[in-house]
$ cat model-v6.cif   # mmCIF, N, CA and C atoms
data_work
#
loop_
_atom_site.label_atom_id
_atom_site.label_comp_id
_atom_site.auth_asym_id
_atom_site.auth_seq_id
_atom_site.Cartn_x
_atom_site.Cartn_y
_atom_site.Cartn_z
N MET V 1 35.39 -64.52 3.83
CA MET V 1 34.98 -64.96 5.14
C MET V 1 34.34 -63.77 5.83
N SER V 2 33.05 -63.89 6.18
CA SER V 2 32.38 -62.75 6.79
C SER V 2 31.47 -63.18 7.93
N ILE V 3 31.18 -62.22 8.78
CA ILE V 3 30.29 -62.39 9.91
C ILE V 3 28.87 -62.19 9.40
N THR V 4 27.94 -63.04 9.80
CA THR V 4 26.54 -62.84 9.43
C THR V 4 25.73 -62.51 10.69
N VAL V 5 24.81 -61.58 10.52
CA VAL V 5 23.93 -61.16 11.61
C VAL V 5 22.50 -61.24 11.09
N GLU V 6 21.63 -61.87 11.88
CA GLU V 6 20.23 -61.97 11.48
C GLU V 6 19.32 -61.94 12.70
N GLN V 7 18.06 -61.74 12.45
CA GLN V 7 17.04 -61.80 13.49
C GLN V 7 16.29 -63.12 13.31
N LEU V 8 16.07 -63.83 14.42
CA LEU V 8 15.38 -65.11 14.36
C LEU V 8 13.97 -64.99 14.90
N SER V 9 13.07 -65.72 14.26
CA SER V 9 11.71 -65.80 14.79
C SER V 9 11.74 -66.64 16.07
N PRO V 10 10.75 -66.47 16.93
CA PRO V 10 10.69 -67.31 18.14
C PRO V 10 10.69 -68.80 17.80
N ARG V 11 10.03 -69.17 16.71
CA ARG V 11 9.99 -70.58 16.30
C ARG V 11 11.39 -71.08 15.95
N LYS V 12 12.16 -70.28 15.21
CA LYS V 12 13.52 -70.67 14.83
C LYS V 12 14.41 -70.78 16.07
N GLN V 13 14.23 -69.87 17.02
CA GLN V 13 15.00 -69.94 18.27
C GLN V 13 14.70 -71.25 19.00
N GLU V 14 13.44 -71.61 19.00
CA GLU V 14 13.03 -72.86 19.66
C GLU V 14 13.60 -74.07 18.92
N THR V 15 13.56 -74.05 17.60
CA THR V 15 14.09 -75.16 16.79
C THR V 15 15.58 -75.35 17.04
N LEU V 16 16.32 -74.25 17.16
CA LEU V 16 17.77 -74.33 17.41
C LEU V 16 18.09 -74.65 18.87
N ARG V 17 17.08 -74.58 19.74
CA ARG V 17 17.24 -74.86 21.18
C ARG V 17 18.26 -73.91 21.82
N ILE V 18 18.22 -72.67 21.41
CA ILE V 18 19.17 -71.66 21.88
C ILE V 18 19.16 -71.54 23.40
N ALA V 19 18.00 -71.64 24.01
CA ALA V 19 17.91 -71.48 25.46
C ALA V 19 18.73 -72.53 26.22
N GLU V 20 19.09 -73.62 25.54
CA GLU V 20 19.88 -74.68 26.18
C GLU V 20 21.38 -74.49 25.97
N TRP V 21 21.77 -73.55 25.14
CA TRP V 21 23.20 -73.30 24.88
C TRP V 21 23.83 -72.65 26.11
N PRO V 22 25.15 -72.83 26.30
CA PRO V 22 25.84 -72.16 27.41
C PRO V 22 25.76 -70.64 27.26
N ILE V 23 26.03 -69.95 28.37
CA ILE V 23 26.03 -68.49 28.37
C ILE V 23 27.44 -67.99 28.64
N TRP V 24 27.83 -66.95 27.91
CA TRP V 24 29.12 -66.27 28.10
C TRP V 24 28.83 -64.82 28.39
N GLU V 25 29.58 -64.25 29.34
CA GLU V 25 29.43 -62.84 29.71
C GLU V 25 30.78 -62.15 29.66
N CYS V 26 30.76 -60.86 29.34
CA CYS V 26 32.00 -60.09 29.29
C CYS V 26 31.71 -58.63 29.61
N PRO V 27 32.50 -58.03 30.49
CA PRO V 27 32.32 -56.61 30.81
C PRO V 27 32.87 -55.75 29.66
N PRO V 28 32.62 -54.46 29.69
CA PRO V 28 33.18 -53.58 28.66
C PRO V 28 34.71 -53.78 28.58
N SER V 29 35.19 -53.98 27.37
CA SER V 29 36.60 -54.27 27.14
C SER V 29 36.86 -54.31 25.64
N ALA V 30 38.11 -54.53 25.27
CA ALA V 30 38.49 -54.69 23.86
C ALA V 30 39.56 -55.76 23.79
N PHE V 31 39.45 -56.65 22.80
CA PHE V 31 40.41 -57.74 22.69
C PHE V 31 40.38 -58.33 21.28
N ALA V 32 41.52 -58.91 20.89
CA ALA V 32 41.61 -59.63 19.61
C ALA V 32 41.13 -61.05 19.83
N TRP V 33 40.53 -61.65 18.78
CA TRP V 33 40.03 -63.01 18.89
C TRP V 33 40.21 -63.75 17.58
N HIS V 34 40.53 -65.04 17.67
CA HIS V 34 40.63 -65.92 16.51
C HIS V 34 39.66 -67.08 16.72
N TYR V 35 38.87 -67.39 15.71
CA TYR V 35 37.90 -68.48 15.79
C TYR V 35 38.50 -69.76 15.20
N ASP V 36 38.77 -70.74 16.08
CA ASP V 36 39.26 -72.05 15.64
C ASP V 36 38.13 -72.91 15.12
N GLN V 37 36.91 -72.57 15.50
CA GLN V 37 35.71 -73.27 15.07
C GLN V 37 34.66 -72.23 14.71
N GLU V 38 33.66 -72.63 13.93
CA GLU V 38 32.54 -71.74 13.68
C GLU V 38 31.78 -71.55 14.99
N GLU V 39 31.36 -70.31 15.25
CA GLU V 39 30.54 -70.04 16.43
C GLU V 39 29.24 -69.39 16.00
N SER V 40 28.14 -69.86 16.58
CA SER V 40 26.85 -69.20 16.46
C SER V 40 26.52 -68.68 17.84
N CYS V 41 25.99 -67.47 17.91
CA CYS V 41 25.61 -66.93 19.21
C CYS V 41 24.36 -66.09 19.09
N TYR V 42 23.66 -65.99 20.21
CA TYR V 42 22.45 -65.19 20.29
C TYR V 42 22.66 -64.17 21.41
N ILE V 43 22.63 -62.90 21.07
CA ILE V 43 22.94 -61.84 22.02
C ILE V 43 21.72 -61.54 22.90
N LEU V 44 21.90 -61.69 24.20
CA LEU V 44 20.83 -61.40 25.16
C LEU V 44 20.89 -59.96 25.65
N GLU V 45 22.11 -59.47 25.91
CA GLU V 45 22.31 -58.12 26.43
C GLU V 45 23.62 -57.57 25.90
N GLY V 46 23.73 -56.25 25.88
CA GLY V 46 24.99 -55.60 25.57
C GLY V 46 25.06 -54.98 24.19
N GLU V 47 26.18 -54.30 23.97
CA GLU V 47 26.47 -53.68 22.67
C GLU V 47 27.93 -53.94 22.35
N VAL V 48 28.17 -54.46 21.14
CA VAL V 48 29.51 -54.87 20.73
C VAL V 48 29.77 -54.42 19.30
N THR V 49 31.01 -54.02 19.02
CA THR V 49 31.47 -53.81 17.66
C THR V 49 32.53 -54.87 17.40
N VAL V 50 32.38 -55.60 16.29
CA VAL V 50 33.36 -56.60 15.91
C VAL V 50 33.96 -56.15 14.57
N GLN V 51 35.29 -56.04 14.54
CA GLN V 51 35.99 -55.58 13.33
C GLN V 51 36.88 -56.68 12.79
N THR V 52 36.85 -56.82 11.46
CA THR V 52 37.78 -57.69 10.75
C THR V 52 38.52 -56.80 9.76
N ALA V 53 39.39 -57.39 8.96
CA ALA V 53 40.10 -56.62 7.95
C ALA V 53 39.14 -56.03 6.92
N ASP V 54 37.98 -56.69 6.71
CA ASP V 54 37.04 -56.30 5.66
C ASP V 54 35.68 -55.82 6.13
N GLN V 55 35.43 -55.88 7.42
CA GLN V 55 34.06 -55.69 7.89
C GLN V 55 34.03 -55.10 9.30
N GLU V 56 33.01 -54.30 9.57
CA GLU V 56 32.74 -53.83 10.93
C GLU V 56 31.26 -54.07 11.19
N VAL V 57 30.98 -54.80 12.27
CA VAL V 57 29.61 -55.21 12.56
C VAL V 57 29.24 -54.74 13.96
N GLN V 58 28.05 -54.14 14.07
CA GLN V 58 27.49 -53.74 15.37
C GLN V 58 26.48 -54.82 15.75
N ILE V 59 26.62 -55.36 16.96
CA ILE V 59 25.66 -56.37 17.40
C ILE V 59 25.10 -55.99 18.76
N GLY V 60 23.85 -56.42 18.98
CA GLY V 60 23.17 -56.11 20.23
C GLY V 60 22.06 -57.11 20.50
N PRO V 61 21.25 -56.85 21.50
CA PRO V 61 20.20 -57.78 21.91
C PRO V 61 19.30 -58.21 20.75
N GLY V 62 19.06 -59.52 20.69
CA GLY V 62 18.20 -60.08 19.65
C GLY V 62 18.93 -60.50 18.39
N ASP V 63 20.22 -60.17 18.27
CA ASP V 63 20.99 -60.55 17.08
C ASP V 63 21.47 -62.00 17.20
N TYR V 64 21.33 -62.73 16.10
CA TYR V 64 21.88 -64.08 15.98
C TYR V 64 23.08 -63.94 15.04
N VAL V 65 24.26 -64.24 15.54
CA VAL V 65 25.49 -63.96 14.82
C VAL V 65 26.26 -65.25 14.56
N THR V 66 26.81 -65.38 13.36
CA THR V 66 27.66 -66.52 13.02
C THR V 66 29.04 -66.00 12.65
N PHE V 67 30.05 -66.54 13.34
CA PHE V 67 31.45 -66.22 13.09
C PHE V 67 32.08 -67.43 12.43
N PRO V 68 32.62 -67.31 11.22
CA PRO V 68 33.18 -68.47 10.52
C PRO V 68 34.50 -68.94 11.12
N LYS V 69 34.76 -70.21 10.96
CA LYS V 69 36.03 -70.81 11.38
C LYS V 69 37.17 -70.10 10.65
N GLY V 70 38.23 -69.79 11.41
CA GLY V 70 39.41 -69.15 10.82
C GLY V 70 39.39 -67.63 10.87
N LEU V 71 38.28 -67.04 11.34
CA LEU V 71 38.15 -65.58 11.37
C LEU V 71 39.04 -64.97 12.45
N ASP V 72 39.75 -63.90 12.07
CA ASP V 72 40.49 -63.07 13.02
C ASP V 72 39.73 -61.75 13.13
N CYS V 73 39.51 -61.31 14.37
CA CYS V 73 38.74 -60.08 14.56
C CYS V 73 39.13 -59.40 15.86
N ARG V 74 38.54 -58.23 16.05
CA ARG V 74 38.73 -57.48 17.30
C ARG V 74 37.36 -57.14 17.85
N TRP V 75 37.14 -57.53 19.09
CA TRP V 75 35.89 -57.23 19.78
C TRP V 75 36.07 -55.96 20.60
N THR V 76 35.10 -55.05 20.51
CA THR V 76 35.03 -53.91 21.42
C THR V 76 33.65 -54.00 22.08
N VAL V 77 33.66 -54.32 23.36
CA VAL V 77 32.42 -54.46 24.12
C VAL V 77 32.12 -53.11 24.76
N HIS V 78 31.07 -52.43 24.25
CA HIS V 78 30.71 -51.11 24.73
C HIS V 78 29.86 -51.17 26.00
N LYS V 79 28.92 -52.12 26.01
CA LYS V 79 28.08 -52.38 27.19
C LYS V 79 28.19 -53.88 27.46
N ALA V 80 28.31 -54.24 28.73
CA ALA V 80 28.51 -55.65 29.11
C ALA V 80 27.63 -56.58 28.27
N VAL V 81 28.25 -57.61 27.73
CA VAL V 81 27.55 -58.53 26.84
C VAL V 81 27.25 -59.84 27.57
N ARG V 82 26.10 -60.38 27.22
CA ARG V 82 25.67 -61.70 27.72
C ARG V 82 25.06 -62.39 26.52
N LYS V 83 25.56 -63.60 26.23
CA LYS V 83 25.10 -64.28 25.02
C LYS V 83 25.05 -65.79 25.23
N HIS V 84 24.15 -66.44 24.48
CA HIS V 84 24.17 -67.89 24.34
C HIS V 84 25.13 -68.17 23.19
N TYR V 85 25.88 -69.26 23.26
CA TYR V 85 26.82 -69.57 22.18
C TYR V 85 26.92 -71.07 21.94
N LEU V 86 27.34 -71.41 20.72
CA LEU V 86 27.55 -72.80 20.35
C LEU V 86 28.66 -72.88 19.31
N PHE V 87 29.68 -73.69 19.60
CA PHE V 87 30.76 -73.93 18.64
C PHE V 87 30.44 -75.17 17.84
N ARG V 88 30.80 -75.15 16.55
CA ARG V 88 30.51 -76.31 15.68
C ARG V 88 31.78 -76.71 14.96
#
$ encode --input "model-v6.cif" --output "structure tokens"
Amino acid sequence: MSITVEQLSPRKQETLRIAEWPIWECPPSAFAWHYDQEESCYILEGEVTVQTADQEVQIGPGDYVTFPKGLDCRWTVHKAVRKHYLFR
């Protein structure tokens, strides 16, 4: 079970209708998180490190990130984050 990070073309962003997804914001902080559902998100602002037992991922503006269902991780928000998100 791993986190995927990719860059999307403007066309792909439009196809996914990311601009219509809700927005979540978080100030600099650190917290544990468990994903009950798969989440896809598109990072608008901020810098975050997400750690799992097997992986450490740096995410920032322009990253499209998928967190699998069942994932346990720790978020460290270095710079306030603002993202579009969608649970599936």
$ atom_distance --input "model-v6.cif" --atom1 "atom C of Ala53 in chain V" --atom2 "CA of Trp24 in chain V"
25.6 Å
$ closest_residue --input "model-v6.cif" --among "V:Asp36, V:Glu6, V:Glu20, V:Glu14" --to "Pro61 in chain V" --atoms "only C-alpha atoms"
V:Glu6
$ residues_around --input "model-v6.cif" --residues "Ile43 in chain V" --least-positions-apart "6" --cutoff "8 Å" --atoms "only C-alpha atoms" --output "short mmCIF file (atom, residue, chain, number, x, y, z; two decimals) with N, CA and C atoms, in the frame of the given file"
data_model
loop_
_atom_site.label_atom_id
_atom_site.label_comp_id
_atom_site.auth_asym_id
_atom_site.auth_seq_id
_atom_site.Cartn_x
_atom_site.Cartn_y
_atom_site.Cartn_z
N ILE V 59 26.62 -55.36 16.96
CA ILE V 59 25.66 -56.37 17.40
C ILE V 59 25.10 -55.99 18.76
N GLY V 60 23.85 -56.42 18.98
CA GLY V 60 23.17 -56.11 20.23
C GLY V 60 22.06 -57.11 20.50
N PRO V 61 21.25 -56.85 21.50
CA PRO V 61 20.20 -57.78 21.91
C PRO V 61 19.30 -58.21 20.75
N GLY V 62 19.06 -59.52 20.69
CA GLY V 62 18.20 -60.08 19.65
C GLY V 62 18.93 -60.50 18.39
N ASP V 63 20.22 -60.17 18.27
CA ASP V 63 20.99 -60.55 17.08
C ASP V 63 21.47 -62.00 17.20
N TYR V 64 21.33 -62.73 16.10
CA TYR V 64 21.88 -64.08 15.98
C TYR V 64 23.08 -63.94 15.04
N VAL V 65 24.26 -64.24 15.54
CA VAL V 65 25.49 -63.96 14.82
C VAL V 65 26.26 -65.25 14.56
N VAL V 81 28.25 -57.61 27.73
CA VAL V 81 27.55 -58.53 26.84
C VAL V 81 27.25 -59.84 27.57
N ARG V 82 26.10 -60.38 27.22
CA ARG V 82 25.67 -61.70 27.72
C ARG V 82 25.06 -62.39 26.52
N LYS V 83 25.56 -63.60 26.23
CA LYS V 83 25.10 -64.28 25.02
C LYS V 83 25.05 -65.79 25.23
N HIS V 84 24.15 -66.44 24.48
CA HIS V 84 24.17 -67.89 24.34
C HIS V 84 25.13 -68.17 23.19
#
$ closest_residue --input "model-v6.cif" --among "V:Glu47, V:Cys73, V:Leu8, V:Pro22" --to "His34 in chain V" --atoms "all atoms listed in the file"
V:Cys73
$ closest_residue --input "model-v6.cif" --among "V:Gly70, V:Val50, V:Ile3, V:Lys79" --to "Ala32 in chain V" --atoms "only C-alpha atoms"
V:Val50
$ closest_residue --input "model-v6.cif" --among "V:Thr66, V:Val48, V:Glu38, V:Trp33" --to "Arg88 in chain V" --atoms "all atoms listed in the file"
V:Glu38
$ select_by_dssp --input "model-v6.cif" --residues "chain V" --states "strand (DSSP E)" --output "ChimeraX atom specification"
/V:4-7,23-26,29-34,39-51,56-59,63-67,72-87
$ select_by_dssp --input "model-v6.cif" --residues "chain V" --states "helix (DSSP H, G or I)" --output "ChimeraX atom specification"
/V:10-16,18-20
$ write_last_selection --input "model-v6.cif" --atoms "N, CA and C atoms" --output "compact mmCIF listing (two decimals), in the coordinates of the input"
# COMPACT_ATOMS: atom_id res chain seq x y z
N PRO V 10 10.75 -66.47 16.93
CA PRO V 10 10.69 -67.31 18.14
C PRO V 10 10.69 -68.80 17.80
N ARG V 11 10.03 -69.17 16.71
CA ARG V 11 9.99 -70.58 16.30
C ARG V 11 11.39 -71.08 15.95
N LYS V 12 12.16 -70.28 15.21
CA LYS V 12 13.52 -70.67 14.83
C LYS V 12 14.41 -70.78 16.07
N GLN V 13 14.23 -69.87 17.02
CA GLN V 13 15.00 -69.94 18.27
C GLN V 13 14.70 -71.25 19.00
N GLU V 14 13.44 -71.61 19.00
CA GLU V 14 13.03 -72.86 19.66
C GLU V 14 13.60 -74.07 18.92
N THR V 15 13.56 -74.05 17.60
CA THR V 15 14.09 -75.16 16.79
C THR V 15 15.58 -75.35 17.04
N LEU V 16 16.32 -74.25 17.16
CA LEU V 16 17.77 -74.33 17.41
C LEU V 16 18.09 -74.65 18.87
N ILE V 18 18.22 -72.67 21.41
CA ILE V 18 19.17 -71.66 21.88
C ILE V 18 19.16 -71.54 23.40
N ALA V 19 18.00 -71.64 24.01
CA ALA V 19 17.91 -71.48 25.46
C ALA V 19 18.73 -72.53 26.22
N GLU V 20 19.09 -73.62 25.54
CA GLU V 20 19.88 -74.68 26.18
C GLU V 20 21.38 -74.49 25.97
$ resolve_selection --input "model-v6.cif" --expression "the PyMOL selection byres (((chain V and resi 18 and name CA) around 9) and name CA)" --output "PyMOL selection string"
chain V and resi 13-17+19-22+41-42+84-86
$ closest_residue --input "model-v6.cif" --among "V:Ile23, V:Tyr35, V:Val5, V:Ala30" --to "Pro68 in chain V" --atoms "only N, CA and C atoms"
V:Tyr35
$ closest_residue --input "model-v6.cif" --among "V:Lys12, V:Thr4, V:Thr49, V:Ser40" --to "His78 in chain V" --atoms "all atoms listed in the file"
V:Thr49
$ atom_distance --input "model-v6.cif" --atom1 "CA of Gln7 in chain V" --atom2 "atom C of Gly46 in chain V"
15.0 Å
$ atom_distance --input "model-v6.cif" --atom1 "CA of Pro27 in chain V" --atom2 "atom C of Arg74 in chain V"
13.9 Å
$ axis_aligned_box --input "model-v6.cif" --around "range 50-57 of chain V" --padding-each-side "5 Å" --output "JSON"
{"center_x": 34.7, "center_y": -55.8, "center_z": 11.0, "size_x": 20.9, "size_y": 13.9, "size_z": 20.6}
$ decode --input "model-v6.cif" --residues "range 60-84 of chain V" --atoms "N, CA and C atoms" --output "mmCIF file, in the first residue's frame"
data_model
loop_
_atom_site.group_PDB
_atom_site.id
_atom_site.type_symbol
_atom_site.label_atom_id
_atom_site.label_comp_id
_atom_site.auth_asym_id
_atom_site.auth_seq_id
_atom_site.Cartn_x
_atom_site.Cartn_y
_atom_site.Cartn_z
ATOM 1 N N GLY V 60 3.824 19.158 -2.589
ATOM 2 C CA GLY V 60 3.712 20.603 -2.656
ATOM 3 C C GLY V 60 2.824 21.018 -3.811
ATOM 4 N N PRO V 61 2.773 22.306 -4.095
ATOM 5 C CA PRO V 61 1.888 22.830 -5.128
ATOM 6 C C PRO V 61 2.045 22.110 -6.468
ATOM 7 N N GLY V 62 0.892 21.773 -7.060
ATOM 8 C CA GLY V 62 0.880 21.099 -8.353
ATOM 9 C C GLY V 62 0.891 19.589 -8.275
ATOM 10 N N ASP V 63 1.085 19.021 -7.079
ATOM 11 C CA ASP V 63 1.100 17.563 -6.935
ATOM 12 C C ASP V 63 -0.327 17.019 -6.841
ATOM 13 N N TYR V 64 -0.564 15.932 -7.566
ATOM 14 C CA TYR V 64 -1.815 15.182 -7.481
ATOM 15 C C TYR V 64 -1.464 13.907 -6.718
ATOM 16 N N VAL V 65 -2.076 13.728 -5.564
ATOM 17 C CA VAL V 65 -1.676 12.658 -4.655
ATOM 18 C C VAL V 65 -2.852 11.719 -4.404
ATOM 19 N N THR V 66 -2.573 10.417 -4.390
ATOM 20 C CA THR V 66 -3.590 9.419 -4.060
ATOM 21 C C THR V 66 -3.133 8.655 -2.828
ATOM 22 N N PHE V 67 -4.010 8.646 -1.814
ATOM 23 C CA PHE V 67 -3.783 7.909 -0.574
ATOM 24 C C PHE V 67 -4.718 6.710 -0.572
ATOM 25 N N PRO V 68 -4.204 5.485 -0.507
ATOM 26 C CA PRO V 68 -5.068 4.305 -0.570
ATOM 27 C C PRO V 68 -5.885 4.095 0.705
ATOM 28 N N LYS V 69 -7.016 3.465 0.535
ATOM 29 C CA LYS V 69 -7.873 3.086 1.667
ATOM 30 C C LYS V 69 -7.082 2.183 2.607
ATOM 31 N N GLY V 70 -7.208 2.450 3.911
ATOM 32 C CA GLY V 70 -6.532 1.633 4.916
ATOM 33 C C GLY V 70 -5.157 2.135 5.318
ATOM 34 N N LEU V 71 -4.667 3.192 4.662
ATOM 35 C CA LEU V 71 -3.325 3.717 4.940
ATOM 36 C C LEU V 71 -3.277 4.418 6.296
ATOM 37 N N ASP V 72 -2.238 4.112 7.071
ATOM 38 C CA ASP V 72 -1.923 4.834 8.302
ATOM 39 C C ASP V 72 -0.674 5.660 8.020
ATOM 40 N N CYS V 73 -0.709 6.935 8.389
ATOM 41 C CA CYS V 73 0.430 7.796 8.101
ATOM 42 C C CYS V 73 0.511 8.940 9.102
ATOM 43 N N ARG V 74 1.576 9.707 8.964
ATOM 44 C CA ARG V 74 1.766 10.908 9.792
ATOM 45 C C ARG V 74 2.031 12.072 8.854
ATOM 46 N N TRP V 75 1.221 13.103 9.005
ATOM 47 C CA TRP V 75 1.379 14.329 8.232
ATOM 48 C C TRP V 75 2.203 15.326 9.029
ATOM 49 N N THR V 76 3.187 15.946 8.373
ATOM 50 C CA THR V 76 3.895 17.086 8.940
ATOM 51 C C THR V 76 3.720 18.225 7.937
ATOM 52 N N VAL V 77 2.941 19.210 8.324
ATOM 53 C CA VAL V 77 2.655 20.354 7.463
ATOM 54 C C VAL V 77 3.693 21.431 7.788
ATOM 55 N N HIS V 78 4.627 21.658 6.844
ATOM 56 C CA HIS V 78 5.704 22.618 7.044
ATOM 57 C C HIS V 78 5.253 24.048 6.739
ATOM 58 N N LYS V 79 4.496 24.186 5.653
ATOM 59 C CA LYS V 79 3.901 25.473 5.263
ATOM 60 C C LYS V 79 2.415 25.210 5.059
ATOM 61 N N ALA V 80 1.577 26.127 5.537
ATOM 62 C CA ALA V 80 0.120 25.939 5.479
ATOM 63 C C ALA V 80 -0.305 25.337 4.139
ATOM 64 N N VAL V 81 -1.117 24.296 4.224
ATOM 65 C CA VAL V 81 -1.538 23.579 3.027
ATOM 66 C C VAL V 81 -2.985 23.932 2.681
ATOM 67 N N ARG V 82 -3.211 23.980 1.381
ATOM 68 C CA ARG V 82 -4.559 24.197 0.829
ATOM 69 C C ARG V 82 -4.672 23.240 -0.337
ATOM 70 N N LYS V 83 -5.721 22.416 -0.318
ATOM 71 C CA LYS V 83 -5.832 21.384 -1.354
ATOM 72 C C LYS V 83 -7.285 21.136 -1.719
ATOM 73 N N HIS V 84 -7.495 20.702 -2.967
ATOM 74 C CA HIS V 84 -8.776 20.139 -3.387
ATOM 75 C C HIS V 84 -8.699 18.657 -3.028
#
